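Just protein-v1.cif here, mmCIF, C-alpha atoms:
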```cif
data_upload
loop_
_atom_site.group_PDB
_atom_site.id
_atom_site.type_symbol
_atom_site.label_atom_id
_atom_site.label_comp_id
_atom_site.auth_asym_id
_atom_site.auth_seq_id
_atom_site.Cartn_x
_atom_site.Cartn_y
_atom_site.Cartn_z
ATOM 1 C CA MET A 1 -9.834 30.171 -13.956
ATOM 2 C CA VAL A 2 -6.954 27.693 -13.615
ATOM 3 C CA GLN A 3 -5.097 30.046 -11.287
ATOM 4 C CA SER A 4 -8.210 30.435 -9.109
ATOM 5 C CA LEU A 5 -8.570 26.648 -8.901
ATOM 6 C CA ASP A 6 -4.915 26.252 -7.957
ATOM 7 C CA ARG A 7 -5.285 28.849 -5.226
ATOM 8 C CA ALA A 8 -8.483 27.263 -3.892
ATOM 9 C CA PHE A 9 -6.730 23.895 -3.709
ATOM 10 C CA ASP A 10 -3.797 25.526 -1.902
ATOM 11 C CA VAL A 11 -6.232 26.787 0.743
ATOM 12 C CA LEU A 12 -8.026 23.436 1.019
ATOM 13 C CA GLU A 13 -4.777 21.510 1.346
ATOM 14 C CA THR A 14 -3.562 23.933 4.023
ATOM 15 C CA LEU A 15 -6.759 23.439 6.035
ATOM 16 C CA ALA A 16 -6.645 19.653 5.615
ATOM 17 C CA ALA A 17 -2.975 19.433 6.635
ATOM 18 C CA SER A 18 -3.511 21.207 9.969
ATOM 19 C CA SER A 19 -4.683 19.275 13.023
ATOM 20 C CA ASP A 20 -6.182 22.492 14.464
ATOM 21 C CA ASP A 21 -8.295 25.278 13.026
ATOM 22 C CA LEU A 22 -6.287 28.186 11.647
ATOM 23 C CA PRO A 23 -6.611 31.969 11.740
ATOM 24 C CA LEU A 24 -6.773 33.820 8.448
ATOM 25 C CA SER A 25 -3.252 35.175 8.954
ATOM 26 C CA GLN A 26 -1.716 31.688 9.158
ATOM 27 C CA ILE A 27 -3.561 30.468 6.076
ATOM 28 C CA THR A 28 -2.253 33.520 4.221
ATOM 29 C CA GLU A 29 1.274 32.859 5.458
ATOM 30 C CA ARG A 30 1.253 29.141 4.602
ATOM 31 C CA THR A 31 -0.224 29.572 1.144
ATOM 32 C CA GLY A 32 1.723 32.697 0.242
ATOM 33 C CA LEU A 33 -1.453 34.249 -1.118
ATOM 34 C CA PRO A 34 -2.712 37.799 -0.516
ATOM 35 C CA LEU A 35 -5.018 38.200 2.469
ATOM 36 C CA GLY A 36 -7.909 39.436 0.352
ATOM 37 C CA THR A 37 -7.586 36.483 -2.025
ATOM 38 C CA VAL A 38 -7.574 33.965 0.848
ATOM 39 C CA HIS A 39 -10.611 35.595 2.449
ATOM 40 C CA ARG A 40 -12.506 35.524 -0.845
ATOM 41 C CA LEU A 41 -11.630 31.871 -1.489
ATOM 42 C CA LEU A 42 -12.603 30.877 2.047
ATOM 43 C CA SER A 43 -15.992 32.544 1.640
ATOM 44 C CA ALA A 44 -16.625 30.543 -1.542
ATOM 45 C CA LEU A 45 -15.421 27.276 0.031
ATOM 46 C CA ILE A 46 -17.584 27.817 3.115
ATOM 47 C CA ALA A 47 -20.602 28.417 0.892
ATOM 48 C CA ARG A 48 -20.014 25.023 -0.760
ATOM 49 C CA GLY A 49 -19.362 23.267 2.558
ATOM 50 C CA TYR A 50 -15.703 22.495 1.820
ATOM 51 C CA ALA A 51 -14.466 24.820 4.574
ATOM 52 C CA ALA A 52 -15.976 25.942 7.866
ATOM 53 C CA GLN A 53 -15.464 28.782 10.322
ATOM 54 C CA ASN A 54 -15.946 28.567 14.051
ATOM 55 C CA PRO A 55 -18.356 31.456 14.899
ATOM 56 C CA GLU A 56 -16.778 31.969 18.327
ATOM 57 C CA THR A 57 -13.047 31.753 17.561
ATOM 58 C CA ARG A 58 -13.328 32.895 13.913
ATOM 59 C CA LEU A 59 -10.818 30.171 13.015
ATOM 60 C CA TYR A 60 -11.061 28.132 9.819
ATOM 61 C CA GLY A 61 -10.953 24.407 9.184
ATOM 62 C CA PRO A 62 -12.141 21.733 6.715
ATOM 63 C CA GLY A 63 -15.887 21.532 6.133
ATOM 64 C CA PRO A 64 -18.125 18.449 6.055
ATOM 65 C CA GLY A 65 -18.422 18.719 2.275
ATOM 66 C CA LEU A 66 -14.753 17.825 1.956
ATOM 67 C CA LEU A 67 -15.288 14.582 3.879
ATOM 68 C CA GLU A 68 -18.376 13.777 1.841
ATOM 69 C CA VAL A 69 -16.530 14.146 -1.449
ATOM 70 C CA ALA A 70 -13.623 12.052 -0.143
ATOM 71 C CA ALA A 71 -15.979 9.313 1.072
ATOM 72 C CA ARG A 72 -17.741 9.156 -2.286
ATOM 73 C CA ALA A 73 -14.445 9.068 -4.166
ATOM 74 C CA ALA A 74 -13.185 6.233 -1.947
ATOM 75 C CA MET A 75 -16.120 4.086 -3.144
ATOM 76 C CA SER A 76 -15.158 4.535 -6.777
ATOM 77 C CA ARG A 77 -13.944 1.543 -8.782
ATOM 78 C CA ARG A 78 -10.886 3.640 -9.514
ATOM 79 C CA PHE A 79 -9.645 2.705 -6.028
ATOM 80 C CA ASP A 80 -10.395 -1.011 -6.345
ATOM 81 C CA LEU A 81 -7.164 -2.834 -5.534
ATOM 82 C CA VAL A 82 -7.553 -5.633 -8.087
ATOM 83 C CA ARG A 83 -8.342 -3.143 -10.850
ATOM 84 C CA ILE A 84 -5.287 -1.097 -9.896
ATOM 85 C CA ALA A 85 -2.944 -4.083 -9.588
ATOM 86 C CA ARG A 86 -3.953 -6.031 -12.718
ATOM 87 C CA PRO A 87 -2.043 -3.966 -15.332
ATOM 88 C CA TRP A 88 1.019 -3.892 -13.086
ATOM 89 C CA LEU A 89 0.888 -7.675 -12.696
ATOM 90 C CA GLN A 90 0.732 -7.943 -16.484
ATOM 91 C CA GLU A 91 3.761 -5.679 -16.762
ATOM 92 C CA LEU A 92 5.711 -7.683 -14.187
ATOM 93 C CA THR A 93 5.023 -10.946 -16.027
ATOM 94 C CA ALA A 94 5.859 -9.394 -19.404
ATOM 95 C CA THR A 95 9.140 -8.069 -17.991
ATOM 96 C CA THR A 96 10.236 -11.191 -16.095
ATOM 97 C CA ASP A 97 8.434 -14.076 -17.868
ATOM 98 C CA GLU A 98 7.423 -15.297 -14.409
ATOM 99 C CA THR A 99 4.044 -15.547 -12.662
ATOM 100 C CA SER A 100 2.959 -12.430 -10.800
ATOM 101 C CA ASN A 101 0.451 -12.400 -7.949
ATOM 102 C CA LEU A 102 -1.657 -10.139 -5.774
ATOM 103 C CA LEU A 103 -1.981 -11.473 -2.231
ATOM 104 C CA THR A 104 -4.464 -9.712 0.071
ATOM 105 C CA LEU A 105 -4.663 -9.894 3.852
ATOM 106 C CA HIS A 106 -7.644 -11.786 5.273
ATOM 107 C CA GLY A 107 -7.450 -12.428 9.009
ATOM 108 C CA ASP A 108 -4.264 -14.361 9.754
ATOM 109 C CA GLU A 109 -3.882 -15.601 6.173
ATOM 110 C CA GLY A 110 -3.251 -14.303 2.692
ATOM 111 C CA VAL A 111 -5.636 -14.846 -0.203
ATOM 112 C CA TYR A 112 -4.566 -14.834 -3.836
ATOM 113 C CA SER A 113 -6.866 -12.203 -5.354
ATOM 114 C CA GLU A 114 -5.338 -11.921 -8.824
ATOM 115 C CA GLN A 115 -2.656 -13.609 -10.902
ATOM 116 C CA VAL A 116 -1.000 -13.319 -14.295
ATOM 117 C CA ALA A 117 0.581 -16.608 -15.291
ATOM 118 C CA SER A 118 4.020 -16.983 -16.815
ATOM 119 C CA PRO A 119 4.095 -17.788 -20.542
ATOM 120 C CA ARG A 120 6.754 -20.437 -19.846
ATOM 121 C CA LEU A 121 5.905 -24.117 -20.158
ATOM 122 C CA VAL A 122 7.202 -24.754 -16.629
ATOM 123 C CA ARG A 123 5.596 -22.135 -14.405
ATOM 124 C CA MET A 124 4.041 -21.490 -11.010
ATOM 125 C CA PHE A 125 0.261 -21.505 -10.775
ATOM 126 C CA THR A 126 -1.872 -20.797 -7.718
ATOM 127 C CA GLU A 127 -5.651 -20.741 -7.945
ATOM 128 C CA VAL A 128 -7.193 -17.341 -7.286
ATOM 129 C CA GLY A 129 -9.039 -17.528 -3.972
ATOM 130 C CA GLN A 130 -6.561 -19.932 -2.394
ATOM 131 C CA ARG A 131 -5.543 -19.129 1.199
ATOM 132 C CA VAL A 132 -1.916 -19.406 2.309
ATOM 133 C CA PRO A 133 0.015 -18.785 5.545
ATOM 134 C CA LEU A 134 1.692 -15.406 5.904
ATOM 135 C CA TYR A 135 4.889 -16.415 7.694
ATOM 136 C CA CYS A 136 6.297 -18.728 5.005
ATOM 137 C CA THR A 137 5.312 -17.058 1.722
ATOM 138 C CA GLY A 138 6.923 -14.084 0.008
ATOM 139 C CA GLY A 139 3.716 -12.099 -0.197
ATOM 140 C CA GLY A 140 2.768 -13.066 3.327
ATOM 141 C CA LYS A 141 6.090 -11.959 4.791
ATOM 142 C CA ALA A 142 5.845 -8.701 2.833
ATOM 143 C CA ILE A 143 2.459 -8.072 4.475
ATOM 144 C CA LEU A 144 3.781 -8.977 7.930
ATOM 145 C CA SER A 145 6.700 -6.589 7.444
ATOM 146 C CA GLY A 146 4.206 -3.767 6.938
ATOM 147 C CA LEU A 147 2.145 -4.410 10.076
ATOM 148 C CA PRO A 148 2.570 -2.245 13.196
ATOM 149 C CA PRO A 149 4.459 -3.968 16.062
ATOM 150 C CA ASP A 150 1.390 -4.614 18.242
ATOM 151 C CA GLN A 151 -0.515 -6.213 15.357
ATOM 152 C CA LEU A 152 2.507 -8.342 14.462
ATOM 153 C CA ASP A 153 2.922 -9.474 18.083
ATOM 154 C CA ALA A 154 -0.760 -10.417 18.251
ATOM 155 C CA TYR A 155 -0.388 -12.438 15.040
ATOM 156 C CA LEU A 156 2.601 -14.350 16.409
ATOM 157 C CA SER A 157 0.714 -15.108 19.633
ATOM 158 C CA ARG A 158 -2.142 -16.706 17.673
ATOM 159 C CA VAL A 159 -0.437 -18.544 14.830
ATOM 160 C CA GLU A 160 1.513 -21.785 14.991
ATOM 161 C CA LEU A 161 4.628 -21.567 12.805
ATOM 162 C CA ARG A 162 4.307 -24.962 11.184
ATOM 163 C CA MET A 163 7.232 -26.395 9.210
ATOM 164 C CA TRP A 164 6.429 -26.832 5.506
ATOM 165 C CA THR A 165 9.980 -27.428 4.247
ATOM 166 C CA ALA A 166 13.449 -27.615 5.759
ATOM 167 C CA LYS A 167 13.776 -23.864 5.121
ATOM 168 C CA THR A 168 10.576 -22.739 6.880
ATOM 169 C CA LEU A 169 11.204 -20.236 9.685
ATOM 170 C CA THR A 170 9.436 -21.739 12.700
ATOM 171 C CA SER A 171 11.102 -19.561 15.341
ATOM 172 C CA PRO A 172 9.331 -16.254 16.114
ATOM 173 C CA GLN A 173 12.702 -14.650 16.822
ATOM 174 C CA LEU A 174 14.128 -15.693 13.452
ATOM 175 C CA LEU A 175 10.964 -14.582 11.686
ATOM 176 C CA LEU A 176 11.075 -11.163 13.376
ATOM 177 C CA ARG A 177 14.711 -10.799 12.329
ATOM 178 C CA GLU A 178 13.756 -11.680 8.747
ATOM 179 C CA LEU A 179 10.874 -9.178 8.777
ATOM 180 C CA ALA A 180 13.203 -6.426 9.991
ATOM 181 C CA LEU A 181 15.394 -7.174 6.975
ATOM 182 C CA CYS A 182 12.323 -7.050 4.746
ATOM 183 C CA ARG A 183 11.475 -3.569 6.023
ATOM 184 C CA GLU A 184 15.067 -2.419 5.555
ATOM 185 C CA ARG A 185 15.343 -3.494 1.910
ATOM 186 C CA GLY A 186 11.668 -2.937 1.010
ATOM 187 C CA PHE A 187 10.852 -6.454 -0.186
ATOM 188 C CA ALA A 188 10.479 -10.001 1.138
ATOM 189 C CA LEU A 189 11.801 -13.315 -0.120
ATOM 190 C CA ASP A 190 10.509 -16.871 -0.031
ATOM 191 C CA ASP A 191 13.405 -19.200 -0.755
ATOM 192 C CA GLU A 192 11.589 -22.569 -0.867
ATOM 193 C CA GLU A 193 10.048 -21.933 2.566
ATOM 194 C CA ARG A 194 6.571 -23.225 1.780
ATOM 195 C CA GLU A 195 7.197 -25.389 -1.263
ATOM 196 C CA VAL A 196 10.439 -27.012 -2.389
ATOM 197 C CA GLY A 197 11.531 -25.730 -5.773
ATOM 198 C CA VAL A 198 9.646 -22.405 -5.573
ATOM 199 C CA CYS A 199 11.224 -18.987 -5.026
ATOM 200 C CA CYS A 200 9.386 -15.674 -4.694
ATOM 201 C CA VAL A 201 10.018 -11.969 -4.170
ATOM 202 C CA ALA A 202 7.272 -9.640 -2.900
ATOM 203 C CA ALA A 203 6.638 -6.102 -1.650
ATOM 204 C CA PRO A 204 3.849 -4.688 0.545
ATOM 205 C CA ILE A 205 0.942 -2.503 -0.603
ATOM 206 C CA PHE A 206 -0.591 0.108 1.718
ATOM 207 C CA ASP A 207 -3.989 1.795 1.589
ATOM 208 C CA ARG A 208 -4.587 5.540 1.932
ATOM 209 C CA PHE A 209 -4.518 5.245 5.739
ATOM 210 C CA GLY A 210 -1.075 3.627 5.695
ATOM 211 C CA ARG A 211 -2.402 0.157 6.550
ATOM 212 C CA CYS A 212 -0.673 -2.807 4.918
ATOM 213 C CA ILE A 213 -3.456 -4.669 3.102
ATOM 214 C CA ALA A 214 -1.755 -6.690 0.366
ATOM 215 C CA ALA A 215 1.453 -7.603 -1.430
ATOM 216 C CA LEU A 216 2.617 -7.882 -5.017
ATOM 217 C CA SER A 217 4.873 -10.822 -5.850
ATOM 218 C CA ILE A 218 6.742 -12.661 -8.582
ATOM 219 C CA SER A 219 7.208 -16.410 -8.201
ATOM 220 C CA GLY A 220 8.906 -19.052 -10.266
ATOM 221 C CA PRO A 221 10.661 -22.411 -10.170
ATOM 222 C CA SER A 222 13.974 -22.107 -8.342
ATOM 223 C CA THR A 223 15.751 -23.495 -11.403
ATOM 224 C CA ARG A 224 14.949 -20.159 -13.065
ATOM 225 C CA MET A 225 14.020 -17.924 -10.146
ATOM 226 C CA SER A 226 17.139 -18.366 -8.066
ATOM 227 C CA LEU A 227 17.530 -16.464 -4.804
ATOM 228 C CA GLU A 228 20.024 -14.172 -6.521
ATOM 229 C CA ARG A 229 17.565 -13.389 -9.326
ATOM 230 C CA ALA A 230 14.761 -12.829 -6.834
ATOM 231 C CA ILE A 231 16.907 -10.313 -4.964
ATOM 232 C CA SER A 232 17.802 -8.551 -8.224
ATOM 233 C CA LEU A 233 14.074 -8.152 -8.983
ATOM 234 C CA GLY A 234 13.275 -6.806 -5.512
ATOM 235 C CA ALA A 235 13.678 -3.128 -6.408
ATOM 236 C CA LEU A 236 11.324 -3.495 -9.398
ATOM 237 C CA VAL A 237 8.649 -5.265 -7.349
ATOM 238 C CA ARG A 238 8.956 -2.674 -4.592
ATOM 239 C CA GLN A 239 8.646 0.199 -7.095
ATOM 240 C CA ILE A 240 5.472 -1.243 -8.614
ATOM 241 C CA ALA A 241 3.976 -2.055 -5.187
ATOM 242 C CA ASP A 242 4.672 1.552 -4.136
ATOM 243 C CA THR A 243 2.899 2.753 -7.281
ATOM 244 C CA CYS A 244 -0.140 0.652 -6.359
ATOM 245 C CA SER A 245 -0.095 2.195 -2.871
ATOM 246 C CA SER A 246 0.005 5.683 -4.384
ATOM 247 C CA GLN A 247 -2.919 4.869 -6.677
ATOM 248 C CA LEU A 248 -4.858 3.703 -3.615
ATOM 249 C CA GLY A 249 -4.352 7.178 -2.143
ATOM 250 C CA LEU A 250 -1.295 6.739 0.093
ATOM 251 C CA ALA A 251 0.477 10.067 0.388
ATOM 252 C CA PRO A 252 4.196 9.950 -0.483
ATOM 253 C CA ILE A 253 6.604 10.123 2.435
ATOM 254 C CA PRO A 254 8.370 13.508 2.304
ATOM 255 C CA CYS A 255 12.116 13.390 1.804
ATOM 256 C CA LYS A 256 14.174 14.479 4.807
#
```
Conversion result in structure tokens:
Amino acid sequence: MVQSLDRAFDVLETLAASSDDLPLSQITERTGLPLGTVHRLLSALIARGYAAQNPETRLYGPGPGLLEVAARAAMSRRFDLVRIARPWLQELTATTDETSNLLTLHGDEGVYSEQVASPRLVRMFTEVGQRVPLYCTGGGKAILSGLPPDQLDAYLSRVELRMWTAKTLTSPQLLLRELALCRERGFALDDEEREVGVCCVAAPIFDRFGRCIAALSISGPSTRMSLERAISLGALVRQIADTCSSQLGLAPIPCK
């Protein structure tokens, strides 16, 4: 039974991975399964609506039942971002003793959707639901670094880069250079750019379509969360943000 399920999934994944319908011979070749086995599995999948065959070309492709199941699964609470992120925020705070945050993209701003506060007496606290600019916050810059170029250009054409502190990047060119660095290292930094005395490190979260929708961050007073410490925590934040993306359904990027 388990072997039959594995083989059926091999066939389904082969159909789903192809942009065009496939002949039986190619499905057999790509799955490495015997021709008779593939034909039998396809007949069963077609009967359940998970595969379809073009009556004229005799080629095979995904069926509407596959989309229906995927659409229903996407509505499950299992794929709710806050539910997914909450235990990881708790782990980040337990590991670092600093406040961890989930910032989600809403229009041209970020909204704090979840937070786990630091147990320290002196700590950072931002009210859940508060809106913040993207260009001068760690989470916001992480989100911007994950946007496609045309969407990023449109954002810069609409938003005034207001100076919040002496360290705020108010030049589009400097901000673009900083975002390129964010993409290269996989995380963003806020070194007192929106509020003096606050440092933050953040990494982007992507949905199953590869769209950047949020960021995970750790923030703390710069007396504890120095720029050097923030950089040292970048790999951890990126790893956990990538895990959240995977749990949202983002397929891993194949190694070259």
Record the distance separating CA of Val132 in chain A and CA of Glu178 in chain A, expressed in Å with one decimal.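 We find that CA of Val132 in chain A and CA of Glu178 in chain A lie 18.6 Å from each other.
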Choose the residue, out of A:Gly65, A:Pro148, A:Gly138, A:Gly129, that has the smallest atom-to-atom separation from Tyr112 in chain A; count only C-alpha atoms.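 Closest to Tyr112 in chain A of all the choices is A:Gly129.
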For a quick check of your reading of the model, name the residues lying within 12 Å of the coordinate (16.6, -16.0, -5.9), counting only C-alpha atoms, and write them as an MDAnalysis selection string. chainID A and resid 138 188:192 197:202 218:234
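Residue selection for this entry, given the PyMOL selection byres ((chain A and resi 130) around 12), comprises Asn101, Leu102, Leu103, Thr104, Leu105, His106, Glu109, Gly110, Val111, Tyr112, Ser113, Glu114, Gln115, Phe125, Thr126, Glu127, Val128, Gly129, Arg131, Val132 and Pro133 of chain A.
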Can you tell me how far CA of Gln90 in chain A sits from CA of Ala214 in chain A, in Å to one decimal?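 Pair CA of Gln90 in chain A / CA of Ala214 in chain A returns 17.1 Å.
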Determine the nearest neighbour of Leu42 in chain A from the options A:Leu147, A:Ile27, A:Leu121, A:Val159, counting all atoms listed in the file.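 For Leu42 in chain A, the nearest of the candidates is A:Ile27.
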For the atom pair CA of Leu174 in chain A and CA of Phe206 in chain A, what is the interatomic distance in Å to one decimal place?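 Rounded to one decimal, the two atoms are 24.6 Å apart.
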Find the spatial neighbours of Arg40 in chain A, counting only C-alpha atoms, within a cut-off of 12 Å - ignore same-chain residues fewer than 2 positions away - and output them as an MDAnalysis selection string. chainID A and resid 4 7:8 11 24 28 33:38 42:47
Determine the axis-aligned bounding box of all atoms of range 149-165 of chain A present in the file, pad each side by 4 Å, and express its centre and edge lengths in Å to one decimal place as lines of an AutoDock Vina configuration file.
```
center_x = 3.9
center_y = -15.7
center_z = 11.9
size_x = 20.1
size_y = 31.5
size_z = 23.4
```
List the residues sitting within 7 Å of (-2.0, 10.4, 2.2) in the file's frame, using all atoms listed in the file, as a PyMOL selection string. chain A and resi 208-209+249-252
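For the choices A:Leu15, A:Leu41, A:Leu248, A:Leu216, the atom-to-atom distance to Leu59 in chain A is smallest for A:Leu15 when using only C-alpha atoms.
Among A:Leu12, A:Cys136, A:Ala70, A:Ala241, the residue with the shortest atom-to-atom distance to Ala166 in chain A, counting only C-alpha atoms, is A:Cys136.
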Could you tell me which residues the PyMOL selection byres ((chain A and resi 22) around 12) grabs in this file, written as a PDB file with C-alpha atoms, in the frame of the given file?
```
ATOM      1  CA  VAL A  11      -6.232  26.787   0.743  1.00  0.00           C
ATOM      2  CA  LEU A  12      -8.026  23.436   1.019  1.00  0.00           C
ATOM      3  CA  THR A  14      -3.562  23.933   4.023  1.00  0.00           C
ATOM      4  CA  LEU A  15      -6.759  23.439   6.035  1.00  0.00           C
ATOM      5  CA  ALA A  16      -6.645  19.653   5.615  1.00  0.00           C
ATOM      6  CA  ALA A  17      -2.975  19.433   6.635  1.00  0.00           C
ATOM      7  CA  SER A  18      -3.511  21.207   9.969  1.00  0.00           C
ATOM      8  CA  SER A  19      -4.683  19.275  13.023  1.00  0.00           C
ATOM      9  CA  ASP A  20      -6.182  22.492  14.464  1.00  0.00           C
ATOM     10  CA  ASP A  21      -8.295  25.278  13.026  1.00  0.00           C
ATOM     11  CA  PRO A  23      -6.611  31.969  11.740  1.00  0.00           C
ATOM     12  CA  LEU A  24      -6.773  33.820   8.448  1.00  0.00           C
ATOM     13  CA  SER A  25      -3.252  35.175   8.954  1.00  0.00           C
ATOM     14  CA  GLN A  26      -1.716  31.688   9.158  1.00  0.00           C
ATOM     15  CA  ILE A  27      -3.561  30.468   6.076  1.00  0.00           C
ATOM     16  CA  THR A  28      -2.253  33.520   4.221  1.00  0.00           C
ATOM     17  CA  GLU A  29       1.274  32.859   5.458  1.00  0.00           C
ATOM     18  CA  ARG A  30       1.253  29.141   4.602  1.00  0.00           C
ATOM     19  CA  LEU A  42     -12.603  30.877   2.047  1.00  0.00           C
ATOM     20  CA  ALA A  51     -14.466  24.820   4.574  1.00  0.00           C
ATOM     21  CA  ALA A  52     -15.976  25.942   7.866  1.00  0.00           C
ATOM     22  CA  GLN A  53     -15.464  28.782  10.322  1.00  0.00           C
ATOM     23  CA  ASN A  54     -15.946  28.567  14.051  1.00  0.00           C
ATOM     24  CA  THR A  57     -13.047  31.753  17.561  1.00  0.00           C
ATOM     25  CA  ARG A  58     -13.328  32.895  13.913  1.00  0.00           C
ATOM     26  CA  LEU A  59     -10.818  30.171  13.015  1.00  0.00           C
ATOM     27  CA  TYR A  60     -11.061  28.132   9.819  1.00  0.00           C
ATOM     28  CA  GLY A  61     -10.953  24.407   9.184  1.00  0.00           C
ATOM     29  CA  PRO A  62     -12.141  21.733   6.715  1.00  0.00           C
TER      30      PRO A  62
END
```
Restricting the calculation to only C-alpha atoms, which member of A:Ile205, A:Val69, A:Ile213, A:Leu152 is positioned closest to Cys244 in chain A? A:Ile205
My list of candidates is A:Arg120, A:Pro149, A:Ala235, A:Glu160. Which is closest to Pro172 in chain A when distances are computed with all atoms listed in the file? A:Glu160
